[in-house]
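Participant: This is the structure, below, for whatever I ask next.
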Amino acid sequence: MRAGAFLYPWDVAADPRAADRIAEIGVAQVTLASAYHSTRALTPRHPGHRIVTARHSAVYYPPDEARWAGRRLRPHRQDWVPFEDAFGEAAERLAAAGVETHSWVILAHNGRLGAEHPGSTVVSAHGDRYPWALCVARPEVREYAATLAAEAAVRPGAAGTELESCGWYGLDHLHAHDKIGGAALGPVGGQLMSLCFCGVCRDGYAEHGADPMELRQAVARALVPFWTGRDRPEPPARDAEWAAVVELIGEELAAAAASWRTTVARAFQRETVAAVRAAAPAGFRVLLHAEPDWYRLGANVGVDPADVLAHADGVVVPATGDDAARSATLGPFVPHLGPDATLAANFQVVAGMGGRPQALAGDAAHAAALGATELRLYHAGLASDDDLAAVREALTKL
């Protein structure tokens, strides 16, 4: 199976040995961040540092000023990697080592833009704004995402792109020093806290048959047991999560919310992919980081497998975990794969972050048996030497 690994530009741009090390572990492709959120990252092998602090969401190339002139939402440059075009520098080094580069673009998750433009963010049923989560129903966010995708994806040296957070974002994200674990929201409370009630979404719920105030009040009531701890519902099985939401807020309100949010997500994804295709050369591959349940939120957005594979070239799907979890995430995409579509199984290979690099050969073989066509390895820049040695051994076997 063709294998690709994730990297940040700083993993490669200022390390003359990095590209060759990546080639030596046996990957054919690197998914390289071109537009990324804030992070603090370990760099275990870099000759000049061990920690990089990306203070805010930024692009790792010089943005086209003419493209962004007059736009309300626009990307910010980075200043923590000593290259104006850190993506381009890293891509050149990888190409010299025989490794293909795909761009890695973060869309709806942008803490700096959310802080600067709070009116463009998700609003909870309690009126809380989430500065890390841009609301993808809002016209200015849709315009920003399509414009960013076209620019950040189609970089010189990139043969394809992977679009992350290409859909609804919500509560469930580590934001700064995260302190939200005490209420034990679980997947159901997290879904309820992630429904957006900005002006655009309130109008959208009304268009799809729900009184937005009634829906907001129903969500707030359903959340009370999560705050008090009394009569809190037990976490449901994975395939029953939305059914649990329906039980709490009622079928009619839930149906309107689902209809609005799926309509928005599909339109957002199609518009973004189309923007990339319009800017890209022939043969440029466009993949989405995704999960097969429409209500999923975050980096791997919920999609309709048939719909997303009708307009994108494929998906990158979480595959770390046991066989049952892998079957649940990969399996629903398989019936909709065309002859040239990509179903990439994404494995966490950093042991310190919960990965299983020692089990990669067996896990990857199981993913292939389920129908996966490629592998993704998260994250070669963060992994220890022992982790990478285990990856090299697994890829040799495969």
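Just remember, in the structure tokens the first chain shown is A, the second B, etc., residues are 1-based per chain, and ligands are 1-based in the order shown.
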Taking 5 positions as the minimum chain separation for residues in the same chain, which residues sit within 12 Å of Val224 of chain A when counting only C-alpha atoms? Answer as an NGL selection string.

Facilitator: :A and (125-126 or 183 or 185 or 189 or 192-193 or 217-219 or 229-233 or 248)

Participant: For segment 366-378 of chain A, work out the shell of residues within 9 Å, counting only C-alpha atoms and skipping chain neighbours fewer than 6 positions away, then give it as a VMD selection string.

Facilitator: chain A and resid 1 to 7 30 to 31 316 to 317 319 323 326 to 327 330 to 331 333 to 334 341 to 350 355 391

Participant: Just give me the gap between atom CA of Tyr36 of chain A and atom CA of Pro63 of chain A in Å, one decimal is fine.

Facilitator: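 If I compute the distance from atom CA of Tyr36 of chain A to atom CA of Pro63 of chain A, I get 13.6 Å.
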
Participant: Distance atom CA of Arg202 of chain A-atom CA of Arg138 of chain A, one decimal place?

Facilitator: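 Straight-line distance from atom CA of Arg202 of chain A to atom CA of Arg138 of chain A works out to 11.3 Å.
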
Participant: Counting only C-alpha atoms, which residue out of A:Glu65, A:Val12, A:Ala23, A:Arg74 sits closest to Gly88 of chain A?

Facilitator: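 Nearest candidate to Gly88 of chain A out of A:Glu65, A:Val12, A:Ala23, A:Arg74: A:Val12.
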
Participant: List as a list of chain:residue names the protein and nucleic acid residues near segment 358-365 of chain A, meaning an atom at most 7 Å away when only C-alpha atoms are counted, but skip any in the same chain fewer than 5 places from it.

Facilitator: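 Result of the neighbour search: A:Ala390, A:Val391, A:Ala394, A:Leu395, A:Lys397, A:Leu398.
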
Participant: Compile the contact shell of Ile51 of chain A as a ChimeraX atom specification: residues with an atom at most 10 Å away, counting only C-alpha atoms, same-chain residues fewer than 3 positions apart removed.

Facilitator: /A:40-44,46,48,54

Participant: Determine the nearest neighbour of Glu92 of chain A from the options A:Arg155, A:His208, A:Arg45, A:Arg221, counting only C-alpha atoms.

Facilitator: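 Ranked by minimum distance to Glu92 of chain A, first place goes to A:Arg155.
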
Participant: Residues near Gly181 of chain A, anyone? I mean within 12 Å using only C-alpha atoms, not counting same-chain ones fewer than 2 positions away, as JSON, numbers by chain.

Facilitator: {"A": [171, 172, 173, 174, 177, 178, 179, 183, 184, 185, 186, 189, 190, 226, 227]}

Participant: With N, CA, C and O atoms retained, write the just-selected residues as a PDB file, in the first residue's frame.

Facilitator:
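Resulting contents of selection27.pdb:
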ATOM      1  N   LEU A 171     -17.453  22.262  19.799  1.00  0.00           N
ATOM      2  CA  LEU A 171     -16.853  22.391  21.127  1.00  0.00           C
ATOM      3  C   LEU A 171     -15.620  21.533  21.306  1.00  0.00           C
ATOM      4  O   LEU A 171     -14.645  21.947  21.942  1.00  0.00           O
ATOM      5  N   ASP A 172     -15.654  20.338  20.771  1.00  0.00           N
ATOM      6  CA  ASP A 172     -14.677  19.310  21.140  1.00  0.00           C
ATOM      7  C   ASP A 172     -13.328  19.578  20.506  1.00  0.00           C
ATOM      8  O   ASP A 172     -12.954  18.986  19.496  1.00  0.00           O
ATOM      9  N   HIS A 173     -12.587  20.477  21.122  1.00  0.00           N
ATOM     10  CA  HIS A 173     -11.237  20.765  20.652  1.00  0.00           C
ATOM     11  C   HIS A 173     -10.424  21.287  21.819  1.00  0.00           C
ATOM     12  O   HIS A 173     -10.912  22.079  22.615  1.00  0.00           O
ATOM     13  N   LEU A 174      -9.164  20.859  21.899  1.00  0.00           N
ATOM     14  CA  LEU A 174      -8.285  21.369  22.937  1.00  0.00           C
ATOM     15  C   LEU A 174      -7.936  22.819  22.619  1.00  0.00           C
ATOM     16  O   LEU A 174      -7.254  23.101  21.641  1.00  0.00           O
ATOM     17  N   HIS A 177      -5.132  26.058  27.440  1.00  0.00           N
ATOM     18  CA  HIS A 177      -5.086  25.106  28.558  1.00  0.00           C
ATOM     19  C   HIS A 177      -6.519  24.662  28.823  1.00  0.00           C
ATOM     20  O   HIS A 177      -7.289  25.357  29.488  1.00  0.00           O
ATOM     21  N   ASP A 178      -6.899  23.526  28.286  1.00  0.00           N
ATOM     22  CA  ASP A 178      -8.293  23.115  28.241  1.00  0.00           C
ATOM     23  C   ASP A 178      -8.791  22.704  29.625  1.00  0.00           C
ATOM     24  O   ASP A 178      -8.139  21.918  30.315  1.00  0.00           O
ATOM     25  N   LYS A 179      -9.952  23.209  30.012  1.00  0.00           N
ATOM     26  CA  LYS A 179     -10.518  22.939  31.337  1.00  0.00           C
ATOM     27  C   LYS A 179     -12.002  22.620  31.239  1.00  0.00           C
ATOM     28  O   LYS A 179     -12.812  23.109  32.030  1.00  0.00           O
ATOM     29  N   ALA A 183     -17.431  18.312  33.270  1.00  0.00           N
ATOM     30  CA  ALA A 183     -18.855  18.023  33.100  1.00  0.00           C
ATOM     31  C   ALA A 183     -19.122  16.694  32.420  1.00  0.00           C
ATOM     32  O   ALA A 183     -20.278  16.282  32.321  1.00  0.00           O
ATOM     33  N   ALA A 184     -18.091  16.019  31.936  1.00  0.00           N
ATOM     34  CA  ALA A 184     -18.264  14.715  31.273  1.00  0.00           C
ATOM     35  C   ALA A 184     -19.357  14.766  30.218  1.00  0.00           C
ATOM     36  O   ALA A 184     -20.334  14.019  30.248  1.00  0.00           O
ATOM     37  N   LEU A 185     -19.182  15.666  29.266  1.00  0.00           N
ATOM     38  CA  LEU A 185     -20.198  15.841  28.231  1.00  0.00           C
ATOM     39  C   LEU A 185     -20.346  14.627  27.334  1.00  0.00           C
ATOM     40  O   LEU A 185     -21.449  14.304  26.887  1.00  0.00           O
ATOM     41  N   GLY A 186     -19.242  13.953  27.047  1.00  0.00           N
ATOM     42  CA  GLY A 186     -19.300  12.813  26.152  1.00  0.00           C
ATOM     43  C   GLY A 186     -19.748  13.211  24.758  1.00  0.00           C
ATOM     44  O   GLY A 186     -19.901  14.392  24.449  1.00  0.00           O
ATOM     45  N   GLY A 189     -23.430  15.218  24.803  1.00  0.00           N
ATOM     46  CA  GLY A 189     -23.322  16.584  25.285  1.00  0.00           C
ATOM     47  C   GLY A 189     -22.466  17.436  24.371  1.00  0.00           C
ATOM     48  O   GLY A 189     -22.757  18.622  24.150  1.00  0.00           O
ATOM     49  N   GLY A 190     -21.419  16.828  23.814  1.00  0.00           N
ATOM     50  CA  GLY A 190     -20.567  17.557  22.882  1.00  0.00           C
ATOM     51  C   GLY A 190     -21.312  17.964  21.633  1.00  0.00           C
ATOM     52  O   GLY A 190     -21.127  19.071  21.104  1.00  0.00           O
ATOM     53  N   PHE A 226     -26.071  17.258  32.266  1.00  0.00           N
ATOM     54  CA  PHE A 226     -24.618  17.224  32.122  1.00  0.00           C
ATOM     55  C   PHE A 226     -23.953  18.207  33.085  1.00  0.00           C
ATOM     56  O   PHE A 226     -22.828  17.977  33.533  1.00  0.00           O
ATOM     57  N   TRP A 227     -24.640  19.303  33.394  1.00  0.00           N
ATOM     58  CA  TRP A 227     -24.068  20.286  34.326  1.00  0.00           C
ATOM     59  C   TRP A 227     -24.257  19.847  35.772  1.00  0.00           C
ATOM     60  O   TRP A 227     -23.371  20.028  36.595  1.00  0.00           O
TER      61      TRP A 227
END

Participant: In Å, with one decimal, what is the gap from atom CA of Ala237 of chain A to atom CA of Leu297 of chain A?

Facilitator: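 A separation of 16.9 Å between them.
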
Participant: Give me every alpha helix (DSSP H) residue in segment 73-172 of chain A, going by DSSP on the backbone, as an MDAnalysis selection string.

Facilitator: chainID A and resid 86:96 111:116 139:153

Participant: Based on the backbone DSSP call, show me all residues of segment 33-119 of chain A assigned strand (DSSP E or B), as a PyMOL selection string.

Facilitator: chain A and resi 33-36+39-42+51-54+58-59+77+100-106+109
